[in-house]
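Asks: Take a look at the following structure, please.
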Amino acid sequence: MRGIYIHIPFCRQACRYCDFYFSVSLRYLDPFVDALLEEIRQKGESSTGHSLETLYLGGGTPSLLSARHLERIINALYKYHSFQESPEWTIECNPDDLNEHTVKSLGLLGFNRLSIGIQSFHERDLEIMRRSHNAEQAEASVLLASSGGFENITMDLIYGIPGQSFDEWEENIEKALSLPVSHLSAYHLTFEPGTVFDHWRKNGRLHPVQEEESVDQYRILREKLLSAGFDHYELSNFARNGMSSKHNLLYWSGASYIGLGPSAHSYDGERRSWNTSSLKGYIGGINNGDKIDETEQLTSREKYHDYLLTSLRTRRGADPAYMEEAFGLEFRVHFESSAQAFLKNGSMSAAGGRLFIEPGQWLITDHILRALFMD
């Protein structure tokens, strides 16, 4: 195992676009942490003992945890795991949770990378998405993190928001570039089933932006960030000064990792497992010694598909020789023959024995993948 992901399933309020597992009730916070410590023990005792490279606390809203909660979690991790020298420790934060004391505490606890959920610097966008912070807090949180000693700061932005003009999207990017951030993740708004936004879409209250508008916003994003010295290393992610997300690169390179907490996923190279998406089920299962996860053994075809899904999201691309070694000759032959049409039309390129989707074409990754998959 090379990394640990911990899902913290609590939020102050529900964002209208989010389909991640979370709870807005904080009354189970202490029982959750107790259960999490027990899962850390159980999975730690059965792990291979490799030194870990990354720790990532996501959610939900991990910044809702107190310093006491975080200290208990970290102590348990050190009891059952070892970390390499200078590991990457990331915690996701909402802007309204950050103040001088919180930032200092996170640094003292060992976190060296803050992921701040900005989404937009415009009040209208924040209100329609039902974010818990305002535009002023968004900017202030980044400055607080920087003045508190954090050099590795990443923020999330969302584009494709109904009603957002091109000027407003450019202003969001320019504001981000004016702040001391080393990494930026920009995601297109999606209308996930079961979310408020999807309900509004079905009722005609909210309409997704046109595809041409999405493409133009993505083009603007790339142009501005590349001009500012950012490296576009993955479909939705940009970094400067070598500050790519080491943890996410584990996912995209097919490395093994442990997932802890409700709805968290784990992968060991052969099997994929996922915990129950129920806070009560998770706490009760841990306390009663019941099974809290499900596991599936991956076939060669599923591993091939997973490899394409992850590797072709990145600038590094896919290695046909590795496919033959890991999955079999038939997969390499299928991949190379299926890729020919995209190599000819310029959507894909080849270099150093690897094939990759041109970054400017990453918006059509799903279209390309469908042709590369084995039916």
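Following the order of the structure tokens, chains are lettered A, B, ..., residues in each are numbered from 1, and ligands are numbered from 1.
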Compile the contact shell of range 130-141 of chain A as number ranges by chain: residues with an atom at most 12 Å away, counting only C-alpha atoms, same-chain residues fewer than 4 positions apart removed.

Replies: A: 11-18, 61, 93-100, 102-103, 114-126, 145-148, 150, 153-157, 172, 175-181, 196-197

Asks: Just checking: using only C-alpha atoms, which residue out of A:Ser266, A:Thr195, A:Lys280, A:Leu312 ends up closest to Tyr233 in chain A?

Replies: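 With only C-alpha atoms as the atom set, the closest residue is A:Leu312.
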
Asks: What parts of range 263-322 of chain A does DSSP call alpha helix (DSSP H)? I'd like the answer as a list in words.

Replies: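 So the alpha helix (DSSP H) residues in range 263-322 of chain A would be Leu279, Lys280, Gly281, Tyr282, Ile283, Gly284, Gly285, Ile286, Asn287, Asn288, Ser300, Arg301, Glu302, Lys303, Tyr304, His305, Asp306, Tyr307, Leu308, Leu309, Thr310, Ser311, Pro320, Ala321 and Tyr322 of chain A.
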
Asks: Restricting the calculation to only C-alpha atoms: of A:Ile286, A:Ile173, A:Val215, A:Leu106, which residue gets closest to Ser227 in chain A?

Replies: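 For Ser227 in chain A, the nearest of the given residues is A:Ile173.
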
Asks: Quick one: everything within 10 Å of Gly346 in chain A, counting only C-alpha atoms, minus sequence neighbours fewer than 3 positions away in the same chain. Send it as a PyMOL selection string.

Replies: chain A and resi 340-343+349+357-358+361

Asks: Of the candidates A:Met129, A:Ile4, A:Ala76, A:Leu26, which one gets nearest to Ile91 in chain A if we count only C-alpha atoms?

Replies: A:Ile4

Asks: Just the residues within 12 Å of Gly259 in chain A, please, counting only C-alpha atoms, with nothing from its chain fewer than 5 positions along; format it as an mmCIF file with N, CA and C atoms, in the first residue's frame.

Replies:
data_model
loop_
_atom_site.group_PDB
_atom_site.id
_atom_site.type_symbol
_atom_site.label_atom_id
_atom_site.label_comp_id
_atom_site.auth_asym_id
_atom_site.auth_seq_id
_atom_site.Cartn_x
_atom_site.Cartn_y
_atom_site.Cartn_z
ATOM 1 N N MET A 1 0.830 -1.194 0.000
ATOM 2 C CA MET A 1 0.000 0.000 0.000
ATOM 3 C C MET A 1 0.873 1.256 0.000
ATOM 4 N N ARG A 2 0.478 2.230 -0.809
ATOM 5 C CA ARG A 2 1.310 3.425 -0.918
ATOM 6 C C ARG A 2 0.630 4.681 -0.383
ATOM 7 N N GLY A 3 -0.677 4.625 -0.140
ATOM 8 C CA GLY A 3 -1.369 5.795 0.371
ATOM 9 C C GLY A 3 -2.598 5.413 1.171
ATOM 10 N N ILE A 4 -3.067 6.361 1.968
ATOM 11 C CA ILE A 4 -4.291 6.173 2.756
ATOM 12 C C ILE A 4 -5.244 7.324 2.459
ATOM 13 N N TYR A 5 -6.490 6.958 2.185
ATOM 14 C CA TYR A 5 -7.556 7.952 2.051
ATOM 15 C C TYR A 5 -8.526 7.749 3.207
ATOM 16 N N ILE A 6 -8.909 8.834 3.871
ATOM 17 C CA ILE A 6 -9.896 8.773 4.955
ATOM 18 C C ILE A 6 -11.070 9.661 4.593
ATOM 19 N N HIS A 7 -12.257 9.067 4.561
ATOM 20 C CA HIS A 7 -13.458 9.836 4.223
ATOM 21 C C HIS A 7 -14.112 10.346 5.506
ATOM 22 N N ILE A 8 -14.203 11.655 5.619
ATOM 23 C CA ILE A 8 -14.841 12.302 6.772
ATOM 24 C C ILE A 8 -16.246 12.720 6.327
ATOM 25 N N LEU A 36 -13.589 4.893 13.471
ATOM 26 C CA LEU A 36 -12.496 5.053 12.525
ATOM 27 C C LEU A 36 -11.180 4.551 13.122
ATOM 28 N N GLU A 39 -11.132 0.888 12.802
ATOM 29 C CA GLU A 39 -10.855 0.436 11.435
ATOM 30 C C GLU A 39 -9.377 0.618 11.101
ATOM 31 N N ILE A 40 -8.777 1.708 11.573
ATOM 32 C CA ILE A 40 -7.342 1.911 11.372
ATOM 33 C C ILE A 40 -6.563 0.753 11.980
ATOM 34 N N LYS A 43 -7.271 -2.633 9.815
ATOM 35 C CA LYS A 43 -6.611 -2.664 8.511
ATOM 36 C C LYS A 43 -5.107 -2.486 8.642
ATOM 37 N N GLY A 44 -4.687 -1.800 9.699
ATOM 38 C CA GLY A 44 -3.254 -1.643 9.914
ATOM 39 C C GLY A 44 -2.596 -2.950 10.281
ATOM 40 N N LEU A 55 -1.125 10.709 2.660
ATOM 41 C CA LEU A 55 -2.336 10.638 3.481
ATOM 42 C C LEU A 55 -3.269 11.718 2.956
ATOM 43 N N TYR A 56 -4.534 11.357 2.746
ATOM 44 C CA TYR A 56 -5.495 12.321 2.211
ATOM 45 C C TYR A 56 -6.783 12.228 3.001
ATOM 46 N N LEU A 57 -7.182 13.328 3.648
ATOM 47 C CA LEU A 57 -8.464 13.412 4.340
ATOM 48 C C LEU A 57 -9.433 14.174 3.452
ATOM 49 N N GLY A 58 -10.469 13.458 2.955
ATOM 50 C CA GLY A 58 -11.458 14.070 2.089
ATOM 51 C C GLY A 58 -12.847 13.893 2.655
ATOM 52 N N GLY A 59 -13.834 14.358 1.903
ATOM 53 C CA GLY A 59 -15.173 14.260 2.447
ATOM 54 C C GLY A 59 -16.247 14.602 1.440
ATOM 55 N N TYR A 251 -3.687 7.105 -7.565
ATOM 56 C CA TYR A 251 -4.884 6.569 -8.222
ATOM 57 C C TYR A 251 -4.660 6.421 -9.719
ATOM 58 N N ALA A 264 -15.590 4.803 1.653
ATOM 59 C CA ALA A 264 -14.216 4.849 1.146
ATOM 60 C C ALA A 264 -13.877 3.577 0.379
ATOM 61 N N HIS A 265 -13.072 3.732 -0.676
ATOM 62 C CA HIS A 265 -12.639 2.615 -1.512
ATOM 63 C C HIS A 265 -11.179 2.268 -1.250
ATOM 64 N N SER A 266 -10.856 0.985 -1.441
ATOM 65 C CA SER A 266 -9.480 0.506 -1.344
ATOM 66 C C SER A 266 -9.153 -0.300 -2.597
ATOM 67 N N TYR A 267 -7.853 -0.402 -2.891
ATOM 68 C CA TYR A 267 -7.421 -1.150 -4.074
ATOM 69 C C TYR A 267 -6.041 -1.736 -3.783
ATOM 70 N N ASP A 268 -5.867 -3.042 -4.084
ATOM 71 C CA ASP A 268 -4.571 -3.689 -3.832
ATOM 72 C C ASP A 268 -3.913 -4.223 -5.098
ATOM 73 N N ARG A 272 -10.802 -4.735 -5.545
ATOM 74 C CA ARG A 272 -11.337 -3.422 -5.210
ATOM 75 C C ARG A 272 -12.375 -3.639 -4.124
ATOM 76 N N SER A 273 -12.349 -2.819 -3.092
ATOM 77 C CA SER A 273 -13.330 -2.937 -2.016
ATOM 78 C C SER A 273 -13.845 -1.559 -1.640
ATOM 79 N N TRP A 274 -15.037 -1.533 -1.061
ATOM 80 C CA TRP A 274 -15.634 -0.257 -0.676
ATOM 81 C C TRP A 274 -16.474 -0.450 0.580
ATOM 82 N N ASN A 275 -16.375 0.529 1.467
ATOM 83 C CA ASN A 275 -17.126 0.507 2.717
ATOM 84 C C ASN A 275 -18.570 0.933 2.499
ATOM 85 N N THR A 276 -19.417 0.550 3.426
ATOM 86 C CA THR A 276 -20.825 0.927 3.364
ATOM 87 C C THR A 276 -20.989 2.441 3.337
ATOM 88 N N ASP A 293 -17.767 -3.836 4.525
ATOM 89 C CA ASP A 293 -17.343 -3.551 3.154
ATOM 90 C C ASP A 293 -17.708 -4.687 2.207
#

Asks: I'd like the interatomic distance between CA of Ser263 in chain A and CA of Ser277 in chain A, to a tenth of an Å.

Replies: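 Distance reported for this atom pair: 4.4 Å.
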
Asks: When you look at Ile73 in chain A with a cut-off of 12 Å (counting only C-alpha atoms), what residues show up, excluding the ones that are within fewer than 4 positions of it in the same chain? I need them as an MDAnalysis selection string.

Replies: chainID A and resid 6 8 30 32:41 55 57 62 65:69 77:81 109:110 260:261

Asks: Choose the residue, out of A:Thr365, A:Ser182, A:Asn75, A:Ser23, that has the smallest atom-to-atom separation from Ser245 in chain A; count only C-alpha atoms.

Replies: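 Of A:Thr365, A:Ser182, A:Asn75, A:Ser23, the one nearest Ser245 in chain A, counting only C-alpha atoms, is A:Ser182.
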
Asks: Which residue out of A:Leu108, A:Leu52, A:Ala326, A:Met243 has the minimum interatomic distance to Ile258 in chain A when only C-alpha atoms are used?

Replies: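 Closest to Ile258 in chain A, using only C-alpha atoms: A:Leu52.
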
Asks: Which one is closest to Ser338 in chain A: A:Ile368, A:Ala239, A:Ala228, A:Leu70? Count only C-alpha atoms.

Replies: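 Counting only C-alpha atoms, the residue closest to Ser338 in chain A is A:Ile368.
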
Asks: To one decimal place in Å, what is the distance between CA of Lys291 in chain A and CA of Arg27 in chain A?

Replies: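 Distance between the two atoms: 23.5 Å.
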
Asks: In Å, how far is it from CA of Leu372 in chain A to CA of Glu336 in chain A?

Replies: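 Pair CA of Leu372 in chain A / CA of Glu336 in chain A returns 8.7 Å.
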
Asks: Considering only C-alpha atoms, return as an NGL selection string whatever protein or nucleic-acid residues lie within 9 Å of Asp216 in chain A, sequence-local ones (same chain, fewer than 5 positions apart) excluded.

Replies: :A and (166 or 211 or 221)

Asks: Looking only at strand (DSSP E or B) from DSSP on the backbone, list the matching residues of range 172-285 of chain A as a list in words.

Replies: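 Those in range 172-285 of chain A that DSSP calls strand (DSSP E or B) are His183, Leu184, Ser185, Ala186, Tyr187, His188, Asp231, His232, Tyr233, Glu234, Asn237, Phe238, Ala239, Tyr257, Ile258, Gly259, Leu260, His265, Ser266, Tyr267, Arg271, Arg272, Ser273, Trp274 and Asn275 of chain A.
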
Asks: Name all residues at most 8 Å from range 302-304 of chain A (count only C-alpha atoms; drop same-chain ones fewer than 4 positions away) and give them as an MDAnalysis selection string.

Replies: chainID A and resid 298 308 323 327 331

Asks: Can you write out the residues you just picked, keeping N, CA and C atoms, as a tab-separated table (two decimals), in the first residue's frame?

Replies:
chain	number	residue	atom	x	y	z
A	298	LEU	N	-10.99	-8.43	-9.49
A	298	LEU	CA	-11.03	-7.85	-10.82
A	298	LEU	C	-10.54	-8.84	-11.88
A	308	LEU	N	-6.99	2.13	-18.44
A	308	LEU	CA	-7.29	3.17	-19.42
A	308	LEU	C	-7.95	4.38	-18.77
A	323	MET	N	0.54	-3.16	-20.81
A	323	MET	CA	-0.74	-3.86	-21.00
A	323	MET	C	-0.52	-5.34	-21.32
A	327	PHE	N	-1.99	-7.65	-18.56
A	327	PHE	CA	-3.33	-8.13	-18.90
A	327	PHE	C	-3.34	-9.19	-19.99
A	331	PHE	N	-5.06	-7.66	-25.20
A	331	PHE	CA	-5.43	-6.31	-24.79
A	331	PHE	C	-4.53	-5.28	-25.46
